[in-house]
>>> print(open('coords_34.pdb').read())   # PDB, C-alpha atoms
ATOM      1  CA  MET A1180      14.014  21.384 -25.746  1.00  0.00           C
ATOM      2  CA  VAL A1181      12.912  18.352 -27.688  1.00  0.00           C
ATOM      3  CA  CYS A1182      15.032  17.521 -30.740  1.00  0.00           C
ATOM      4  CA  ILE A1183      13.565  16.438 -34.077  1.00  0.00           C
ATOM      5  CA  THR A1184      14.806  12.833 -33.810  1.00  0.00           C
ATOM      6  CA  SER A1185      12.974  12.528 -30.490  1.00  0.00           C
ATOM      7  CA  LEU A1186       9.729  13.856 -31.947  1.00  0.00           C
ATOM      8  CA  ILE A1187       9.930  11.472 -34.903  1.00  0.00           C
ATOM      9  CA  GLN A1188      10.753   8.390 -32.827  1.00  0.00           C
ATOM     10  CA  ALA A1189       8.443   9.060 -29.857  1.00  0.00           C
ATOM     11  CA  PRO A1190       5.183   7.632 -31.290  1.00  0.00           C
ATOM     12  CA  ILE A1191       6.956   4.426 -32.340  1.00  0.00           C
ATOM     13  CA  GLN A1192       8.787   4.084 -29.025  1.00  0.00           C
ATOM     14  CA  SER A1193       5.599   4.665 -27.010  1.00  0.00           C
ATOM     15  CA  PHE A1194       3.807   1.997 -29.059  1.00  0.00           C
ATOM     16  CA  LEU A1195       6.620  -0.573 -28.736  1.00  0.00           C
ATOM     17  CA  ARG A1196       7.698   0.388 -25.164  1.00  0.00           C
ATOM     18  CA  PRO A1197      10.657  -2.025 -25.069  1.00  0.00           C
ATOM     19  CA  ALA A1198      11.625  -1.118 -21.495  1.00  0.00           C
ATOM     20  CA  MET A1199       8.350  -2.674 -20.347  1.00  0.00           C
ATOM     21  CA  TRP A1200       8.830  -6.048 -22.057  1.00  0.00           C
ATOM     22  CA  LEU A1201      10.750  -7.786 -19.279  1.00  0.00           C
ATOM     23  CA  PRO A1202       8.577  -8.591 -16.240  1.00  0.00           C
ATOM     24  CA  GLY A1203      10.228  -7.645 -12.960  1.00  0.00           C
ATOM     25  CA  CYS A1204      12.755  -5.277 -14.518  1.00  0.00           C
ATOM     26  CA  ASN A1205       9.973  -3.008 -15.695  1.00  0.00           C
ATOM     27  CA  ARG A1206       9.092  -2.242 -12.071  1.00  0.00           C
ATOM     28  CA  LEU A1207      12.434  -0.447 -11.713  1.00  0.00           C
ATOM     29  CA  HIS A1208      11.249   2.336 -14.010  1.00  0.00           C
ATOM     30  CA  SER A1209       7.456   2.461 -13.790  1.00  0.00           C
ATOM     31  CA  HIS A1210       4.761   3.463 -11.334  1.00  0.00           C
ATOM     32  CA  THR A1211       0.983   2.898 -11.295  1.00  0.00           C
ATOM     33  CA  GLU A1212      -1.649   4.470  -9.045  1.00  0.00           C
ATOM     34  CA  THR A1213      -5.434   4.591  -8.840  1.00  0.00           C
ATOM     35  CA  TRP A1214      -6.855   8.092  -8.486  1.00  0.00           C
ATOM     36  CA  ARG A1215     -10.261   9.255  -7.351  1.00  0.00           C
ATOM     37  CA  SER A1216     -11.841  12.560  -6.518  1.00  0.00           C
ATOM     38  CA  ASP A1217     -14.765  13.271  -4.241  1.00  0.00           C
ATOM     39  CA  SER A1218     -15.405  16.632  -5.923  1.00  0.00           C
ATOM     40  CA  VAL A1219     -15.579  15.678  -9.648  1.00  0.00           C
ATOM     41  CA  GLY A1220     -16.173  12.609 -11.806  1.00  0.00           C
ATOM     42  CA  ALA A1221     -13.505  10.617 -13.636  1.00  0.00           C
ATOM     43  CA  ASP A1222     -14.340  12.205 -17.016  1.00  0.00           C
ATOM     44  CA  SER A1223     -13.756  15.673 -15.526  1.00  0.00           C
ATOM     45  CA  LEU A1224     -10.476  14.423 -14.052  1.00  0.00           C
ATOM     46  CA  LEU A1225      -9.243  13.432 -17.521  1.00  0.00           C
ATOM     47  CA  GLU A1226     -10.036  16.918 -18.789  1.00  0.00           C
ATOM     48  CA  ASP A1227      -8.276  18.419 -15.757  1.00  0.00           C
ATOM     49  CA  ILE A1228      -5.190  16.291 -16.493  1.00  0.00           C
ATOM     50  CA  VAL A1229      -4.938  17.686 -20.027  1.00  0.00           C
ATOM     51  CA  ASN A1230      -5.502  21.255 -18.824  1.00  0.00           C
ATOM     52  CA  SER A1231      -2.846  20.874 -16.098  1.00  0.00           C
ATOM     53  CA  VAL A1232       0.020  19.956 -18.455  1.00  0.00           C
ATOM     54  CA  PRO A1233       1.245  23.581 -18.909  1.00  0.00           C
ATOM     55  CA  ASP A1234       1.291  24.050 -15.118  1.00  0.00           C
ATOM     56  CA  LEU A1235       3.148  20.766 -14.726  1.00  0.00           C
ATOM     57  CA  MET A1236       5.789  21.848 -17.233  1.00  0.00           C
ATOM     58  CA  GLU A1237       6.173  25.188 -15.483  1.00  0.00           C
ATOM     59  CA  SER A1238       6.622  23.578 -12.067  1.00  0.00           C
ATOM     60  CA  ASP A1239       8.966  20.800 -13.229  1.00  0.00           C
ATOM     61  CA  ILE A1240      12.481  21.472 -11.903  1.00  0.00           C
ATOM     62  CA  THR A1241      14.064  18.642 -13.939  1.00  0.00           C
ATOM     63  CA  GLY A1242      13.638  20.484 -17.242  1.00  0.00           C
ATOM     64  CA  ALA A1243      11.236  17.963 -18.774  1.00  0.00           C
ATOM     65  CA  THR A1244       8.987  18.904 -21.678  1.00  0.00           C
ATOM     66  CA  TYR A1245       5.444  17.528 -21.697  1.00  0.00           C
ATOM     67  CA  VAL A1246       3.429  16.896 -24.856  1.00  0.00           C
ATOM     68  CA  VAL A1247      -0.164  15.670 -24.861  1.00  0.00           C
ATOM     69  CA  ASN A1248      -0.033  12.823 -27.377  1.00  0.00           C
ATOM     70  CA  LYS A1249      -3.517  11.338 -27.327  1.00  0.00           C
ATOM     71  CA  VAL A1250      -6.910  12.198 -25.870  1.00  0.00           C
ATOM     72  CA  ASP A1251      -9.707   9.679 -26.480  1.00  0.00           C
ATOM     73  CA  GLU A1252     -12.832  10.905 -24.736  1.00  0.00           C
ATOM     74  CA  GLU A1253     -14.907   7.907 -25.858  1.00  0.00           C
ATOM     75  CA  ARG A1254     -12.539   5.382 -24.291  1.00  0.00           C
ATOM     76  CA  GLY A1255     -11.622   7.664 -21.383  1.00  0.00           C
ATOM     77  CA  PHE A1256      -7.897   7.686 -22.181  1.00  0.00           C
ATOM     78  CA  VAL A1257      -5.105  10.292 -22.125  1.00  0.00           C
ATOM     79  CA  ARG A1258      -1.430   9.799 -23.047  1.00  0.00           C
ATOM     80  CA  ILE A1259       1.245  12.394 -22.303  1.00  0.00           C
ATOM     81  CA  PHE A1260       4.851  12.238 -23.469  1.00  0.00           C
ATOM     82  CA  ALA A1261       7.437  13.481 -20.971  1.00  0.00           C
ATOM     83  CA  PHE A1262      10.754  14.231 -22.666  1.00  0.00           C
ATOM     84  CA  THR A1263      13.509  14.525 -20.077  1.00  0.00           C
ATOM     85  CA  TRP A1264      16.386  16.999 -20.387  1.00  0.00           C
ATOM     86  CA  ALA A1265      18.372  14.359 -22.327  1.00  0.00           C
ATOM     87  CA  ASN A1266      15.351  13.390 -24.491  1.00  0.00           C
ATOM     88  CA  TRP A1267      14.564  10.098 -22.805  1.00  0.00           C
ATOM     89  CA  LEU A1268      10.903   9.374 -23.363  1.00  0.00           C
ATOM     90  CA  ASP A1269       8.751   8.703 -20.322  1.00  0.00           C
ATOM     91  CA  VAL A1270       5.080   8.027 -20.979  1.00  0.00           C
ATOM     92  CA  MET A1271       2.177   8.947 -18.715  1.00  0.00           C
ATOM     93  CA  GLU A1272      -1.130   7.183 -19.369  1.00  0.00           C
ATOM     94  CA  PHE A1273      -4.479   7.773 -17.701  1.00  0.00           C
ATOM     95  CA  THR A1274      -7.425   5.430 -18.167  1.00  0.00           C
ATOM     96  CA  MET A1275     -10.915   5.913 -16.780  1.00  0.00           C
ATOM     97  CA  ARG A1276     -12.175   2.862 -14.863  1.00  0.00           C
ATOM     98  CA  GLY A1277     -15.686   3.524 -13.592  1.00  0.00           C
ATOM     99  CA  ASN A1278     -15.423   6.544 -11.294  1.00  0.00           C
ATOM    100  CA  LYS A1279     -11.647   6.154 -10.884  1.00  0.00           C
ATOM    101  CA  ILE A1280      -8.565   6.858 -12.986  1.00  0.00           C
ATOM    102  CA  GLN A1281      -5.699   4.430 -13.428  1.00  0.00           C
ATOM    103  CA  ALA A1282      -2.578   6.609 -13.636  1.00  0.00           C
ATOM    104  CA  ARG A1283       0.598   5.058 -15.007  1.00  0.00           C
ATOM    105  CA  SER A1284       4.006   6.530 -15.758  1.00  0.00           C
ATOM    106  CA  PHE A1285       6.925   4.577 -17.192  1.00  0.00           C
ATOM    107  CA  SER A1286      10.238   4.914 -18.953  1.00  0.00           C
ATOM    108  CA  SER A1287      10.010   3.607 -22.496  1.00  0.00           C
ATOM    109  CA  GLY A1288      13.595   2.639 -23.325  1.00  0.00           C
ATOM    110  CA  PHE A1289      17.214   2.483 -22.242  1.00  0.00           C
ATOM    111  CA  LEU A1290      18.594   5.069 -24.694  1.00  0.00           C
ATOM    112  CA  PRO A1291      17.346   8.627 -25.171  1.00  0.00           C
ATOM    113  CA  LEU A1292      15.487   9.335 -28.398  1.00  0.00           C
ATOM    114  CA  SER A1293      17.999  12.015 -29.344  1.00  0.00           C
ATOM    115  CA  VAL A1294      20.175   9.081 -30.514  1.00  0.00           C
ATOM    116  CA  PRO A1295      19.419   8.266 -34.153  1.00  0.00           C
ATOM    117  CA  PHE A1296      17.689   4.874 -34.508  1.00  0.00           C
ATOM    118  CA  ALA A1297      17.270   4.702 -30.719  1.00  0.00           C
ATOM    119  CA  VAL A1298      13.978   2.838 -31.158  1.00  0.00           C
ATOM    120  CA  ILE A1299      15.806  -0.051 -32.824  1.00  0.00           C
ATOM    121  CA  PHE A1300      18.619  -0.046 -30.272  1.00  0.00           C
ATOM    122  CA  ASN A1301      16.111   0.073 -27.418  1.00  0.00           C
ATOM    123  CA  CYS A1302      14.366  -3.000 -28.821  1.00  0.00           C
ATOM    124  CA  VAL A1303      17.698  -4.840 -28.855  1.00  0.00           C
ATOM    125  CA  LEU A1304      18.515  -3.610 -25.326  1.00  0.00           C
ATOM    126  CA  PHE A1305      15.084  -4.377 -23.841  1.00  0.00           C
ATOM    127  CA  TRP A1306      16.718  -6.691 -21.271  1.00  0.00           C
ATOM    128  CA  MET A1307      18.980  -3.930 -19.878  1.00  0.00           C
ATOM    129  CA  PRO A1308      17.833  -3.057 -16.341  1.00  0.00           C
ATOM    130  CA  PHE A1309      17.887   0.596 -15.297  1.00  0.00           C
ATOM    131  CA  TYR A1310      16.425   2.584 -12.431  1.00  0.00           C
ATOM    132  CA  ASP A1311      14.419   5.780 -12.856  1.00  0.00           C
ATOM    133  CA  ILE A1312      15.285   7.167  -9.389  1.00  0.00           C
ATOM    134  CA  LYS A1313      11.510   7.350  -8.760  1.00  0.00           C
ATOM    135  CA  TYR A1314      11.031  10.078 -11.374  1.00  0.00           C
ATOM    136  CA  ASN A1315       7.868   8.408 -12.669  1.00  0.00           C
ATOM    137  CA  ARG A1316       6.309   8.390  -9.203  1.00  0.00           C
ATOM    138  CA  ALA A1317       7.380  11.998  -8.628  1.00  0.00           C
ATOM    139  CA  ARG A1318       5.920  12.994 -12.002  1.00  0.00           C
ATOM    140  CA  LEU A1319       2.498  11.575 -11.075  1.00  0.00           C
ATOM    141  CA  ASP A1320       2.691  13.270  -7.658  1.00  0.00           C
ATOM    142  CA  ALA A1321       3.556  16.609  -9.298  1.00  0.00           C
ATOM    143  CA  LEU A1322       0.670  16.334 -11.748  1.00  0.00           C
ATOM    144  CA  ARG A1323      -1.756  15.540  -8.940  1.00  0.00           C
ATOM    145  CA  GLU A1324      -0.591  18.638  -7.068  1.00  0.00           C
ATOM    146  CA  VAL A1325      -1.045  21.066  -9.987  1.00  0.00           C
ATOM    147  CA  MET A1326      -4.494  19.766 -10.897  1.00  0.00           C
ATOM    148  CA  SER A1327      -7.397  21.986  -9.906  1.00  0.00           C
ATOM    149  CA  ALA A1328      -9.486  19.070  -8.605  1.00  0.00           C
ATOM    150  CA  ASP A1329      -8.697  17.416  -5.283  1.00  0.00           C
ATOM    151  CA  VAL A1330      -7.283  14.054  -6.344  1.00  0.00           C
ATOM    152  CA  ILE A1331      -6.584  11.236  -3.924  1.00  0.00           C
ATOM    153  CA  SER A1332      -4.229   8.364  -4.731  1.00  0.00           C
ATOM    154  CA  GLN A1333      -5.671   5.178  -3.294  1.00  0.00           C
ATOM    155  CA  ASP A1334      -2.365   3.322  -3.585  1.00  0.00           C
ATOM    156  CA  LYS A1335      -0.358   5.297  -1.045  1.00  0.00           C
TER     157      LYS A1335
END
>>> encode(input="coords_34.pdb", output="structure tokens")
Amino acid sequence: MVCITSLIQAPIQSFLRPAMWLPGCNRLHSHTETWRSDSVGADSLLEDIVNSVPDLMESDITGATYVVNKVDEERGFVRIFAFTWANWLDVMEFTMRGNKIQARSFSSGFLPLSVPFAVIFNCVLFWMPFYDIKYNRARLDALREVMSADVISQDK
């Protein structure tokens, strides 16, 4: 369950993304892949991503809650918020590049958003390294599996 402080702070945290400010350390808690499908085009894949969010939430054993934050069909962009059981905010972003999709998942800050003023504290603690135990990679893998289209990651 996502608490009210998390919902209020999430758009600001996803815009600032302090955990991604420090090059090198940000690789500890992020993952990027390039997806393609031989059966459908990239624009159909973006639609399939949005439609697969309920199935992803149902199949997630970690207790995460997924919220579709932004869908921009003109730019070919989708952003999904993944609130973990403790209300940490992980962000999943999908961008259409030609006939491929760049899929990216990352942790946005050191403290969970259930902490009041966590956005400010996370900006101060941007230098704090932490490891996501490959949850972001697993989240992208799980989404790919619940999608109706056959999606191939070219980065594996």
>>> residues_around(input="coords_34.pdb", residues="Ala1297 of chain A", least_positions_apart="2", cutoff="12 Å", atoms="only C-alpha atoms", output="ChimeraX atom specification")
/A:1184-1189,1191-1192,1196-1197,1266-1268,1287-1295,1299-1305
>>> residues_around(input="coords_34.pdb", residues="His1208 of chain A", least_positions_apart="2", cutoff="10 Å", atoms="only C-alpha atoms", output="list in words")
Ala1198, Met1199, Cys1204, Asn1205, Arg1206, His1210, Asp1269, Ser1284, Phe1285, Ser1286, Ser1287, Gly1288, Pro1308, Phe1309, Tyr1310, Asp1311, Ile1312, Lys1313, Tyr1314, Asn1315 and Arg1316 of chain A
>>> residues_around(input="coords_34.pdb", residues="Asp1222 of chain A", least_positions_apart="2", cutoff="9 Å", atoms="only C-alpha atoms", output="ChimeraX atom specification")
/A:1219-1220,1224-1227,1252,1255,1275,1278,1280
>>> write_last_selection(input="coords_34.pdb", atoms="C-alpha atoms", output="tab-separated table (two decimals), keeping the file's coordinate frame")
chain	number	residue	atom	x	y	z
A	1219	VAL	CA	-15.58	15.68	-9.65
A	1220	GLY	CA	-16.17	12.61	-11.81
A	1224	LEU	CA	-10.48	14.42	-14.05
A	1225	LEU	CA	-9.24	13.43	-17.52
A	1226	GLU	CA	-10.04	16.92	-18.79
A	1227	ASP	CA	-8.28	18.42	-15.76
A	1252	GLU	CA	-12.83	10.90	-24.74
A	1255	GLY	CA	-11.62	7.66	-21.38
A	1275	MET	CA	-10.92	5.91	-16.78
A	1278	ASN	CA	-15.42	6.54	-11.29
A	1280	ILE	CA	-8.56	6.86	-12.99
>>> closest_residue(input="coords_34.pdb", among="A:Val1250, A:Ile1228, A:Met1180, A:Leu1201", to="Asp1329 of chain A", atoms="all atoms listed in the file")
A:Ile1228
>>> atom_distance(input="coords_34.pdb", atom1="atom CA of Gln1281 of chain A", atom2="atom CA of Phe1194 of chain A")
18.5 Å
>>> atom_distance(input="coords_34.pdb", atom1="atom CA of Ala1282 of chain A", atom2="atom CA of Leu1207 of chain A")
16.7 Å
>>> resolve_selection(input="coords_34.pdb", expression="the PyMOL selection byres ((chain A and resi 1272) around 6)", output="PyMOL selection string")
chain A and resi 1257-1258+1271+1273+1282-1283
>>> resolve_selection(input="coords_34.pdb", expression="the PyMOL selection byres ((chain A and resi 1260) around 6)", output="number ranges by chain")
A: 1245-1246, 1259, 1261, 1270
>>> closest_residue(input="coords_34.pdb", among="A:Asn1230, A:Asp1217, A:Ser1223, A:Leu1195", to="Val1325 of chain A", atoms="only C-alpha atoms")
A:Asn1230
>>> closest_residue(input="coords_34.pdb", among="A:Cys1182, A:Ala1221, A:Met1307, A:Ala1328", to="Arg1254 of chain A", atoms="all atoms listed in the file")
A:Ala1221
>>> closest_residue(input="coords_34.pdb", among="A:Ala1243, A:Ser1193, A:Val1181, A:Leu1322", to="Val1298 of chain A", atoms="all atoms listed in the file")
A:Ser1193
>>> atom_distance(input="coords_34.pdb", atom1="atom CA of Asp1334 of chain A", atom2="atom CA of Trp1306 of chain A")
27.9 Å
>>> residues_around(input="coords_34.pdb", residues="Thr1241 of chain A", least_positions_apart="3", cutoff="12 Å", atoms="all atoms listed in the file", output="PyMOL selection string")
chain A and resi 1235-1238+1244-1245+1261-1266+1314+1317-1318+1321
